[in-house]
Amino acid sequence: MKQYTHYIGGEHLPGTSGRVAPIFNPSTGVQSAEVPLAAKSEVEDAIASAQAAFPAWAATSVLKRSRIMTRFTALLYEHQAELAELVSLEHGKVIEDAMGSVLRGIEVAEFACGIPHLQKGEFSDSVANGIDIYSLRKPLGVVAGITPFNFPAMIPLWMAGMAIATGNTFVMKPSEKDPGCPMRIAELFLEAGGPAGVFNVVNGDKVAVDTLLYDSRIKAVSFVGSTPIARYVYETATKNGKRCQAMGGAKNHMLILPDANLEGVANALMGAAFGSAGERCMAISVGVCVGDEVADKLIELLTPRIKALKIGTSLETGLEMGPLVTKEHRAKVMNYIQMGVDEGADLLIDGRDFVLEGHEEGYFLGGSLFDNVKKDMRSYKEEIFGPVLQLMRVQSFEEGLALATDHEYGNGTSIFTQSGAAARTYADRVEVGMVGINVPIPVPLAFHSFGGWKASSFGDHNQYGQEGMRFYTKVKTVTARWAESTIEADFSIPTLK
Ligand code: NAD
């Protein structure tokens, strides 16, 4: 059985706290590894290592940082298949999906190679006699990343790519459910020529997170996970004087208008609701049908597709869905299905009956489909995070728009229609951070930025893109006079005379 370590100052260090967590292969239910859960002192060692590496890394020329990022990106591409296999084995998503998710992370490292351009400051020439003003973007110091289980390569790379390229040193605390990838990614950074101590990985749970949140040497915290923890992390980090971005949970609606091509909608919904077994913060979990005709036709199209979902173990190719991440998470999703039934929604397809022959101990579920879900139901208000699609029936565009707008979460949403005017109005008015128009999962590419609204995100900056660069840097503005004339005494605030 694999024994994970911490990765501090470029060295693998075994855990010393005496606390460990098991890692299971979700396809078989068999334990594959053990991860140490750090004590406060181990996290402090990681912070100290990052603190020691900071002055030299911050002073490293931006071109050199960019070249290391370029070699790092090349190595990530070389190891994409290896990382994807780790994702599949520990998370359970099927291998093609895992390959795609790793790629979306590598793209952020690739974007960060352009840091000489991205981190350029601003310059105003001759604002007064002999005076120029320029602003610089300086790194913050030691920054921390805390990540969820559902994208064990992509989300660590969202954070590490931008944090390190901007000249910070980094302490990563991955999900204890699937910690394999971040460790491997940090090793590749060193192999690319990155200095020891710039990219540290400390494994653990709340003890590790709290140490990062309270230690004054940590200048910024980037968090992605569930909303209750995101809120706690944001409140605690900011109370302790840190910059913080904390992304939380989601309930993503797809509004389907009567003029949409319903065959296309059904196909889009299948991937968006059931891909990665619904364990994506951008999964579509609610289909909002405008008119009963749309709902009835969509159910007719979805039913055979859901019943024929190709479900199997995560390393098999050509599949559509693997198992859920843990036995506990599977039980939680099953409870939500029962809750939906108890609340009076119509369960048209019950995925709880699914069994994969020969893998009875794996954490599998089939796809589930609900109709007539209502907005006061708890199973609608809360995030299920599993292969469950809830259909709602509304009578107008406005009613559908209001559902997504009024929901507590505001991560992603999409609209399917042939009407440019309706799509434009929806994108303009809906209170959600990321919108797809005839695109089911609108995850922005690395040169834009990722972030929801309302209870899906706390803090002021999005992940990656120029937003990521801003999050990981602080502005210093210099006003400089280089003139021949002498300076006269002036007791008023400086103004241009
Ligand atoms: P989680 O909140 O349980 O865990 C996230 C991280 O927080 C982990 O590293 C975990 O160790 C740590 N943590 C857990 N409990 C803690 C506690 N009490 N105190 C301090 N730290 C704690 O989330 P998860 O189950 O790993 O991930 C799934 C969730 O993440 C879903 O809600 C999903 O929507 C969300 N998510 C959001 C985004 C986004 O960008 N908005 C992206 C991916 C996932």
# chains A, B, ... in the order shown; residues from 1 in each chain; ligands from 1
$ select_by_dssp --residues "range 226-324 of chain A" --states "alpha helix (DSSP H)" --output "PyMOL selection string"
chain A and resi 227-239+262-274+292-307
$ residues_near_ligand --ligand "ligand 1" --cutoff "6 Å" --atoms "only C-alpha atoms and all ligand atoms" --output "PyMOL selection string"
chain A and resi 146-150+174-176+205-206+209+224-226+229+247-250+281+456
$ write_last_selection --atoms "N, CA, C and O atoms" --output "short mmCIF file (atom, residue, chain, number, x, y, z; two decimals), in the first residue's frame"
data_model
loop_
_atom_site.label_atom_id
_atom_site.label_comp_id
_atom_site.auth_asym_id
_atom_site.auth_seq_id
_atom_site.Cartn_x
_atom_site.Cartn_y
_atom_site.Cartn_z
N ILE A 146 -5.83 25.67 -0.69
CA ILE A 146 -6.55 24.56 -0.04
C ILE A 146 -7.59 24.07 -1.03
O ILE A 146 -8.42 24.86 -1.51
N THR A 147 -7.55 22.78 -1.37
CA THR A 147 -8.34 22.31 -2.52
C THR A 147 -9.33 21.20 -2.17
O THR A 147 -9.14 20.48 -1.19
N PRO A 148 -10.37 21.04 -3.03
CA PRO A 148 -11.39 20.02 -2.81
C PRO A 148 -11.02 18.70 -3.49
O PRO A 148 -10.03 18.64 -4.23
N PHE A 149 -11.86 17.69 -3.28
CA PHE A 149 -11.55 16.37 -3.84
C PHE A 149 -11.83 16.26 -5.33
O PHE A 149 -11.31 15.38 -6.00
N ASN A 150 -12.70 17.14 -5.88
CA ASN A 150 -13.27 16.77 -7.18
C ASN A 150 -12.40 17.08 -8.39
O ASN A 150 -12.63 16.52 -9.46
N PRO A 174 -3.80 19.79 -0.09
CA PRO A 174 -4.78 19.13 -0.96
C PRO A 174 -5.89 18.45 -0.16
O PRO A 174 -5.78 18.29 1.05
N SER A 175 -6.93 18.03 -0.87
CA SER A 175 -7.98 17.21 -0.25
C SER A 175 -7.35 15.92 0.26
O SER A 175 -6.55 15.28 -0.43
N GLU A 176 -7.73 15.53 1.46
CA GLU A 176 -7.19 14.29 2.03
C GLU A 176 -7.81 13.05 1.39
O GLU A 176 -7.41 11.93 1.68
N ASP A 205 -5.90 17.82 7.42
CA ASP A 205 -7.32 18.12 7.55
C ASP A 205 -7.50 19.49 8.20
O ASP A 205 -6.71 20.42 7.96
N LYS A 206 -8.47 19.62 9.06
CA LYS A 206 -8.78 20.92 9.68
C LYS A 206 -7.58 21.49 10.47
O LYS A 206 -7.37 22.70 10.48
N VAL A 209 -5.46 23.17 7.95
CA VAL A 209 -6.14 24.36 7.42
C VAL A 209 -6.09 25.48 8.46
O VAL A 209 -5.73 26.62 8.15
N VAL A 224 -10.89 26.36 -2.43
CA VAL A 224 -12.03 25.88 -3.20
C VAL A 224 -12.59 24.67 -2.47
O VAL A 224 -11.83 23.76 -2.11
N GLY A 225 -13.91 24.66 -2.26
CA GLY A 225 -14.54 23.53 -1.57
C GLY A 225 -16.01 23.82 -1.35
O GLY A 225 -16.62 24.59 -2.11
N SER A 226 -16.57 23.26 -0.29
CA SER A 226 -18.01 23.44 -0.05
C SER A 226 -18.27 24.80 0.59
O SER A 226 -17.38 25.39 1.22
N ILE A 229 -17.49 25.54 4.48
CA ILE A 229 -16.05 25.64 4.77
C ILE A 229 -15.47 26.89 4.09
O ILE A 229 -14.61 27.58 4.66
N MET A 247 -13.90 29.82 -2.92
CA MET A 247 -14.99 29.39 -3.80
C MET A 247 -15.75 28.25 -3.15
O MET A 247 -15.14 27.34 -2.59
N GLY A 248 -17.08 28.31 -3.23
CA GLY A 248 -17.91 27.32 -2.56
C GLY A 248 -18.74 26.47 -3.50
O GLY A 248 -18.40 26.29 -4.67
N GLY A 249 -19.85 25.96 -2.99
CA GLY A 249 -20.68 25.00 -3.71
C GLY A 249 -21.54 25.64 -4.79
O GLY A 249 -21.44 26.84 -5.06
N ALA A 250 -22.43 24.82 -5.37
CA ALA A 250 -23.17 25.29 -6.54
C ALA A 250 -24.48 24.54 -6.72
O ALA A 250 -24.66 23.44 -6.18
N CYS A 281 -18.35 21.29 -9.75
CA CYS A 281 -19.04 22.49 -9.27
C CYS A 281 -19.73 23.19 -10.43
O CYS A 281 -20.52 24.10 -10.20
N SER A 456 -21.55 31.04 -3.76
CA SER A 456 -20.57 30.21 -4.47
C SER A 456 -19.18 30.81 -4.42
O SER A 456 -18.22 30.19 -4.92
#
$ residues_around --residues "Asp97 in chain A" --least-positions-apart "5" --cutoff "9 Å" --atoms "only C-alpha atoms" --output "VMD selection string"
chain A and resid 84 88 102 275 to 276 320
$ closest_residue --among "A:Ala81, A:Ala144, A:Ile8, A:Leu301" --to "Gly100 in chain A" --atoms "only C-alpha atoms"
A:Ala81
$ select_by_dssp --residues "range 392-449 of chain A" --states "strand (DSSP E or B)" --output "NGL selection string"
:A and (392-394 or 409-410 or 412-416 or 434-437)
